[in-house]
Amino acid sequence: MNTPPPAAERRRSRRASALKTRTYDESALDGLFEDHLESSRKRNRTLEERQKETKTEAMIALSLGFPIDALLDSELAAGVLSSPGEQNDYVVVRNHILARWRANVRSWLFKSQIRETVHSDYDHLISAAYDFLSEQGYINFGVSHAIHSHFPDVHECGSVIIVGAGLAGLAAARQLLGFGFKVLVLEGRDRPGGRVYTSKIGTIGNFAVVDLGGSVITGIHANPLGVLARQLGIPLHKIRDSCPLYSPNGRVVDEKLDTEVNSVFNKLLEKATEARKALGESGEGISLGSAIEKLRKLYSVARSEDERELLDWHLANLEYANAGCLSDLSLAHWDQDDPFEMDGDHCFLAGGNWRLINALCEDVPILYRKTVTRIQYGDSGVEMVVAGGQVFRADMVLCTVPLGVLKNESIKFDPELPSQKLGAINRLGFGLLNKVAMLFPYVFWGEELDTFGCLNKDREKRGEFFLFYCYHTVSGGALLTALVAGKAALTFELTDPVALLHNVLGVLRGIYRPRGIEVPDPIQTICTKWGGDPLCHGSYSHIRVGSSGRDYDILAESVSGSLFFAGEATNRHYPATMHGAFLSGLREASRILHTWQSRKSDKNEPKKPLQKSLRFCSDILTDLFREPDLAFGNFLFISDPSTADDPKATGLMSIEFGKNVNQDTVQSLQLSDRCNQPLHLYVILSREQALQVQLVNGDFRSKLSLICNKFGLKLMGYNSTCTLFSSLIIEISRARKSRNKLCRFMRHITN
């Protein structure tokens, strides 16, 4: 989220003094960068001005995770320096490039633009820094039209199949398409996004949207999701710090007591940190929960019932941040990613995170309801088998499924994954966070609040409805979401939704009725159950007792140069976050590119048997379209006859350009130079969609607009179609042959 990220800092409560209500001002951020950009363009700057600019650019680079005056390990590994003496100059150039693109993330940054402001003596450093930053996804990434316009028309690199259309898979897919790879995404669900899921809620005339999975953009300053929002012009709403807490009896928690217990909570975490330092390796088998409880008893704190309930709320908040019970978290390593936490406000995205997912999907070939059950990998390529037996082949595969799927062994790997990777999968924790989303007729909790909390008398239920998110500012309706963390999230999955709704409404009415505020019945509610979802088996990862941050790195390692892994659980610095998943996709796209380049440079690379399969596929494609299932004008559609009764069944459509096609349409598709002879492009779509195209009243352009604009599908050439969809083509051919044999047999016995 894809993973619901923490709403609170792990070491302290975010419930500081209330701030003035405001929406996060993206234009102000653009203005700040633009001011810096204009100053960098000035000629004949003084030494003082240049020093000030260099310092500003260094701070921007620092906010993006780069050291001010040093190189990343990945830069050293990439060999960006020809001699150690160039490091200082390289760092200045690198920081300048980062600042220039961040000044306008909606545009493509060219090397020539950097040369306008950097002396020609440093041209080799410009090339080294620019190429590194581009390939690693630090610049020129995202969803703006300018970025997409630089995707190559011809895919000269190899073929990659990506398993999973979550943030990691989509980020990788777009990067790889930009690098020139042939890409196909296989998604088990009937929608993209994975654990980032925005749903409609309500009734006709009273709809809102709710993020049932990943919902909060945590730390906006260097966050790539913030970049996507800026590119799309989507406003962000800063989550305000005011978060009143209510006792089980409905009273507001005493401010003095709140401050005291908050201090106790932070002190316990500090003492736990001191304890693990003193214990050293002997503390590896101790949980954070047991350490905190022993320290609480040792220092005799939080002894009264009120103090205990309040401390339990903070502990529930900590379990929410880690998607796991404190009894499971490793004392030694639970917070290993804290030094890398993104700075800046935590924000909601107006209209829901589906807006980012939808933009990332544009022009990315995705097949839905394709649950991968087997991955075979090796030097000669990869082969994926999906539920139902369909087979897909490519040069490489990127697996982005959640850690819970790997733990559940839902995918069989052939050969088996290395023992080191299997150990990391087993050691890392994968916990739960659940939600109850409620749309009400009106806002009764107060327009000024984004969050409020409720204490629980029962320690075992301290995470049950402990925190409420108020989404009325961004969802389009009076939407309230109750969070369920820790042990309560586990029992939540086994409880009847009617009982859950009754319980959460009881909590809300216990808070507001004493204040003379009536809580109405909700218009509609949705209860999540991520643990029971077979395509994730949980919410997001954490470091369990016996594990460490090293296990994230092990999970991220590629195997045999053909099998790669991405997802939040492969990102040591940003696990359990949406941006961590996204960044892991960019990382693996770069790794796949370098692997491919290395493979191509090896002159002794064996010829792949995959090519023979593709030639076979090419031979039968033309024959299939001689007998289409649907034929209307320039459009032909074929599908598997065994799925004729399924409107959602996938098929292949051929579209002919150059025959009775308006030349304005041809020119708008930039095909004018190629249409002296008929040109065929192909698109994957369902039988239902093909019938909708057939029923469109209008000319060729209207039908094409439905496919490309409304359906959001991408047209492909002959070679790409055969490369990415050979298994579908072969499957249709085999099914037709079986049908024809059956028909001949029936005619024979009838005669």
# chains A, B, ... in the order shown; residues from 1 in each chain; ligands from 1
$ closest_atom_pairs --of "stretch 86-155 of chain A" --to "stretch 45-61 of chain A" --cutoff "10 Å" --atoms "only C-alpha atoms" --output "JSON lines"
{"residue": "A:Val91", "atom": "CA", "partner": "A:Ala58", "partner_atom": "CA", "distance": 8.6}
{"residue": "A:Val92", "atom": "CA", "partner": "A:Thr54", "partner_atom": "CA", "distance": 6.8}
{"residue": "A:Val93", "atom": "CA", "partner": "A:Thr54", "partner_atom": "CA", "distance": 9.3}
{"residue": "A:Arg94", "atom": "CA", "partner": "A:Ala61", "partner_atom": "CA", "distance": 8.4}
{"residue": "A:Asn95", "atom": "CA", "partner": "A:Glu57", "partner_atom": "CA", "distance": 5.5}
{"residue": "A:His96", "atom": "CA", "partner": "A:Glu57", "partner_atom": "CA", "distance": 5.9}
{"residue": "A:Ile97", "atom": "CA", "partner": "A:Glu57", "partner_atom": "CA", "distance": 8.8}
{"residue": "A:Leu98", "atom": "CA", "partner": "A:Ala61", "partner_atom": "CA", "distance": 6.5}
{"residue": "A:Ala99", "atom": "CA", "partner": "A:Glu57", "partner_atom": "CA", "distance": 5.7}
{"residue": "A:Arg100", "atom": "CA", "partner": "A:Glu57", "partner_atom": "CA", "distance": 8.8}
{"residue": "A:Arg102", "atom": "CA", "partner": "A:Ile60", "partner_atom": "CA", "distance": 8.7}
$ write_last_selection --atoms "all heavy atoms" --output "PDB file, in the first residue's frame"
ATOM      1  N   VAL A  91      29.009  15.782  -7.098  1.00  0.00           N
ATOM      2  CA  VAL A  91      27.915  15.980  -6.143  1.00  0.00           C
ATOM      3  C   VAL A  91      27.185  17.293  -6.431  1.00  0.00           C
ATOM      4  O   VAL A  91      25.951  17.361  -6.398  1.00  0.00           O
ATOM      5  CB  VAL A  91      28.440  15.941  -4.696  1.00  0.00           C
ATOM      6  CG1 VAL A  91      27.371  16.434  -3.724  1.00  0.00           C
ATOM      7  CG2 VAL A  91      28.880  14.530  -4.327  1.00  0.00           C
ATOM      8  N   VAL A  92      27.936  18.350  -6.725  1.00  0.00           N
ATOM      9  CA  VAL A  92      27.318  19.644  -7.030  1.00  0.00           C
ATOM     10  C   VAL A  92      26.457  19.537  -8.287  1.00  0.00           C
ATOM     11  O   VAL A  92      25.318  20.027  -8.334  1.00  0.00           O
ATOM     12  CB  VAL A  92      28.397  20.736  -7.203  1.00  0.00           C
ATOM     13  CG1 VAL A  92      27.771  22.024  -7.730  1.00  0.00           C
ATOM     14  CG2 VAL A  92      29.099  20.998  -5.886  1.00  0.00           C
ATOM     15  N   VAL A  93      26.989  18.872  -9.330  1.00  0.00           N
ATOM     16  CA  VAL A  93      26.233  18.692 -10.572  1.00  0.00           C
ATOM     17  C   VAL A  93      24.997  17.837 -10.329  1.00  0.00           C
ATOM     18  O   VAL A  93      23.894  18.154 -10.794  1.00  0.00           O
ATOM     19  CB  VAL A  93      27.129  18.057 -11.655  1.00  0.00           C
ATOM     20  CG1 VAL A  93      26.298  17.667 -12.883  1.00  0.00           C
ATOM     21  CG2 VAL A  93      28.240  19.017 -12.062  1.00  0.00           C
ATOM     22  N   ARG A  94      25.164  16.733  -9.605  1.00  0.00           N
ATOM     23  CA  ARG A  94      24.033  15.850  -9.297  1.00  0.00           C
ATOM     24  C   ARG A  94      22.935  16.592  -8.559  1.00  0.00           C
ATOM     25  O   ARG A  94      21.747  16.504  -8.900  1.00  0.00           O
ATOM     26  CB  ARG A  94      24.514  14.672  -8.447  1.00  0.00           C
ATOM     27  CG  ARG A  94      23.407  13.710  -8.019  1.00  0.00           C
ATOM     28  CD  ARG A  94      23.835  12.920  -6.799  1.00  0.00           C
ATOM     29  NE  ARG A  94      23.961  13.747  -5.606  1.00  0.00           N
ATOM     30  CZ  ARG A  94      24.527  13.346  -4.467  1.00  0.00           C
ATOM     31  NH1 ARG A  94      25.065  12.143  -4.401  1.00  0.00           N
ATOM     32  NH2 ARG A  94      24.573  14.146  -3.419  1.00  0.00           N
ATOM     33  N   ASN A  95      23.304  17.333  -7.531  1.00  0.00           N
ATOM     34  CA  ASN A  95      22.320  18.090  -6.753  1.00  0.00           C
ATOM     35  C   ASN A  95      21.611  19.122  -7.624  1.00  0.00           C
ATOM     36  O   ASN A  95      20.415  19.379  -7.464  1.00  0.00           O
ATOM     37  CB  ASN A  95      22.994  18.776  -5.568  1.00  0.00           C
ATOM     38  CG  ASN A  95      23.554  17.794  -4.559  1.00  0.00           C
ATOM     39  OD1 ASN A  95      23.286  16.590  -4.638  1.00  0.00           O
ATOM     40  ND2 ASN A  95      24.340  18.274  -3.616  1.00  0.00           N
ATOM     41  N   HIS A  96      22.343  19.716  -8.544  1.00  0.00           N
ATOM     42  CA  HIS A  96      21.758  20.711  -9.450  1.00  0.00           C
ATOM     43  C   HIS A  96      20.705  20.074 -10.348  1.00  0.00           C
ATOM     44  O   HIS A  96      19.621  20.637 -10.559  1.00  0.00           O
ATOM     45  CB  HIS A  96      22.873  21.345 -10.294  1.00  0.00           C
ATOM     46  CG  HIS A  96      22.376  22.364 -11.268  1.00  0.00           C
ATOM     47  ND1 HIS A  96      21.785  23.541 -10.882  1.00  0.00           N
ATOM     48  CD2 HIS A  96      22.389  22.376 -12.643  1.00  0.00           C
ATOM     49  CE1 HIS A  96      21.446  24.251 -11.960  1.00  0.00           C
ATOM     50  NE2 HIS A  96      21.809  23.566 -13.032  1.00  0.00           N
ATOM     51  N   ILE A  97      21.014  18.887 -10.878  1.00  0.00           N
ATOM     52  CA  ILE A  97      20.050  18.190 -11.741  1.00  0.00           C
ATOM     53  C   ILE A  97      18.788  17.829 -10.960  1.00  0.00           C
ATOM     54  O   ILE A  97      17.662  18.016 -11.452  1.00  0.00           O
ATOM     55  CB  ILE A  97      20.696  16.933 -12.352  1.00  0.00           C
ATOM     56  CG1 ILE A  97      21.851  17.325 -13.283  1.00  0.00           C
ATOM     57  CG2 ILE A  97      19.657  16.098 -13.111  1.00  0.00           C
ATOM     58  CD1 ILE A  97      22.655  16.142 -13.791  1.00  0.00           C
ATOM     59  N   LEU A  98      18.954  17.319  -9.756  1.00  0.00           N
ATOM     60  CA  LEU A  98      17.800  16.978  -8.924  1.00  0.00           C
ATOM     61  C   LEU A  98      16.920  18.194  -8.679  1.00  0.00           C
ATOM     62  O   LEU A  98      15.686  18.131  -8.785  1.00  0.00           O
ATOM     63  CB  LEU A  98      18.275  16.398  -7.587  1.00  0.00           C
ATOM     64  CG  LEU A  98      18.840  14.975  -7.610  1.00  0.00           C
ATOM     65  CD1 LEU A  98      19.548  14.669  -6.302  1.00  0.00           C
ATOM     66  CD2 LEU A  98      17.728  13.960  -7.862  1.00  0.00           C
ATOM     67  N   ALA A  99      17.548  19.318  -8.340  1.00  0.00           N
ATOM     68  CA  ALA A  99      16.798  20.541  -8.052  1.00  0.00           C
ATOM     69  C   ALA A  99      16.090  21.058  -9.302  1.00  0.00           C
ATOM     70  O   ALA A  99      14.951  21.536  -9.227  1.00  0.00           O
ATOM     71  CB  ALA A  99      17.736  21.608  -7.490  1.00  0.00           C
ATOM     72  N   ARG A 100      16.752  20.955 -10.454  1.00  0.00           N
ATOM     73  CA  ARG A 100      16.144  21.441 -11.690  1.00  0.00           C
ATOM     74  C   ARG A 100      14.872  20.663 -12.024  1.00  0.00           C
ATOM     75  O   ARG A 100      13.852  21.253 -12.408  1.00  0.00           O
ATOM     76  CB  ARG A 100      17.144  21.327 -12.859  1.00  0.00           C
ATOM     77  CG  ARG A 100      18.237  22.368 -12.888  1.00  0.00           C
ATOM     78  CD  ARG A 100      17.696  23.774 -13.137  1.00  0.00           C
ATOM     79  NE  ARG A 100      17.011  23.901 -14.405  1.00  0.00           N
ATOM     80  CZ  ARG A 100      17.581  24.237 -15.560  1.00  0.00           C
ATOM     81  NH1 ARG A 100      18.891  24.464 -15.593  1.00  0.00           N
ATOM     82  NH2 ARG A 100      16.874  24.350 -16.661  1.00  0.00           N
ATOM     83  N   ARG A 102      12.985  18.817  -9.936  1.00  0.00           N
ATOM     84  CA  ARG A 102      11.972  19.020  -8.900  1.00  0.00           C
ATOM     85  C   ARG A 102      11.313  20.395  -9.016  1.00  0.00           C
ATOM     86  O   ARG A 102      10.232  20.614  -8.493  1.00  0.00           O
ATOM     87  CB  ARG A 102      12.607  18.842  -7.515  1.00  0.00           C
ATOM     88  CG  ARG A 102      12.891  17.389  -7.163  1.00  0.00           C
ATOM     89  CD  ARG A 102      11.623  16.653  -6.788  1.00  0.00           C
ATOM     90  NE  ARG A 102      11.819  15.215  -6.664  1.00  0.00           N
ATOM     91  CZ  ARG A 102      11.083  14.432  -5.875  1.00  0.00           C
ATOM     92  NH1 ARG A 102      10.118  14.950  -5.147  1.00  0.00           N
ATOM     93  NH2 ARG A 102      11.305  13.130  -5.838  1.00  0.00           N
TER      94      ARG A 102
END
$ residues_around --residues "stretch 254-256 of chain A" --least-positions-apart "5" --cutoff "10 Å" --atoms "only C-alpha atoms" --output "PDB file with C-alpha atoms, in the first residue's frame"
ATOM      1  CA  PRO A 244      -8.956  14.582  20.830  1.00  0.00           C
ATOM      2  CA  LEU A 245      -9.138  11.358  22.845  1.00  0.00           C
ATOM      3  CA  TYR A 246     -12.256  10.059  24.559  1.00  0.00           C
ATOM      4  CA  SER A 247     -12.512   7.697  27.522  1.00  0.00           C
ATOM      5  CA  VAL A 261       0.984   9.511  29.845  1.00  0.00           C
ATOM      6  CA  ASN A 262       2.272  10.656  26.463  1.00  0.00           C
ATOM      7  CA  ASP A 306      -7.197   5.809  33.522  1.00  0.00           C
TER       8      ASP A 306
END
$ atom_distance --atom1 "atom CA of A:Thr203" --atom2 "atom CA of A:Pro534"
28.7 Å
$ select_by_dssp --residues "stretch 272-390 of chain A" --states "strand (DSSP E)" --output "list in words"
His346, Cys347, Phe348, Leu349, Ile366, Leu367, Val372, Thr373, Arg374, Ile375, Gln376, Tyr377, Gly378, Gly381, Val382, Glu383, Met384, Val385 and Val386 of chain A
$ closest_residue --among "A:Pro520, A:Gly280, A:Gly633, A:Gly169" --to "A:Ile655" --atoms "only C-alpha atoms"
A:Gly633
$ residues_around --residues "A:Gly531" --least-positions-apart "2" --cutoff "10 Å" --atoms "only C-alpha atoms" --output "PyMOL selection string"
chain A and resi 404+430-434+489-490+492-493+528-529+533-539
$ closest_atom_pairs --of "stretch 693-727 of chain A" --to "stretch 176-189 of chain A" --cutoff "8 Å" --atoms "only C-alpha atoms" --output "Markdown table"
| residue | atom | partner | partner_atom | distance |
| --- | --- | --- | --- | --- |
| A:Ser720 | CA | A:Lys182 | CA | 6.8 |
| A:Thr723 | CA | A:Lys182 | CA | 7.9 |
| A:Leu724 | CA | A:Leu184 | CA | 6.3 |
$ write_last_selection --atoms "N, CA and C atoms" --output "PDB file, in the first residue's frame"
ATOM      1  N   SER A 720       4.807  -7.114 -30.966  1.00  0.00           N
ATOM      2  CA  SER A 720       4.502  -6.999 -29.532  1.00  0.00           C
ATOM      3  C   SER A 720       3.366  -7.925 -29.144  1.00  0.00           C
ATOM      4  N   THR A 723       4.693 -11.402 -28.956  1.00  0.00           N
ATOM      5  CA  THR A 723       5.613 -11.569 -27.839  1.00  0.00           C
ATOM      6  C   THR A 723       4.869 -11.688 -26.520  1.00  0.00           C
ATOM      7  N   LEU A 724       3.907 -10.788 -26.298  1.00  0.00           N
ATOM      8  CA  LEU A 724       3.260 -10.702 -24.989  1.00  0.00           C
ATOM      9  C   LEU A 724       2.062 -11.643 -24.845  1.00  0.00           C
TER      10      LEU A 724
END
$ atom_distance --atom1 "atom CA of A:Leu225" --atom2 "atom CA of A:Ala172"
14.2 Å
$ closest_residue --among "A:Ala488, A:Val196, A:Ala350, A:Val264" --to "A:Leu236" --atoms "only C-alpha atoms"
A:Ala350
$ atom_distance --atom1 "atom CA of A:Ala499" --atom2 "atom CA of A:Pro522"
14.3 Å
$ residues_around --residues "A:Ala485" --least-positions-apart "3" --cutoff "9 Å" --atoms "only C-alpha atoms" --output "PyMOL selection string"
chain A and resi 316-317+319-321+323-325+432-435+461-466+488-490
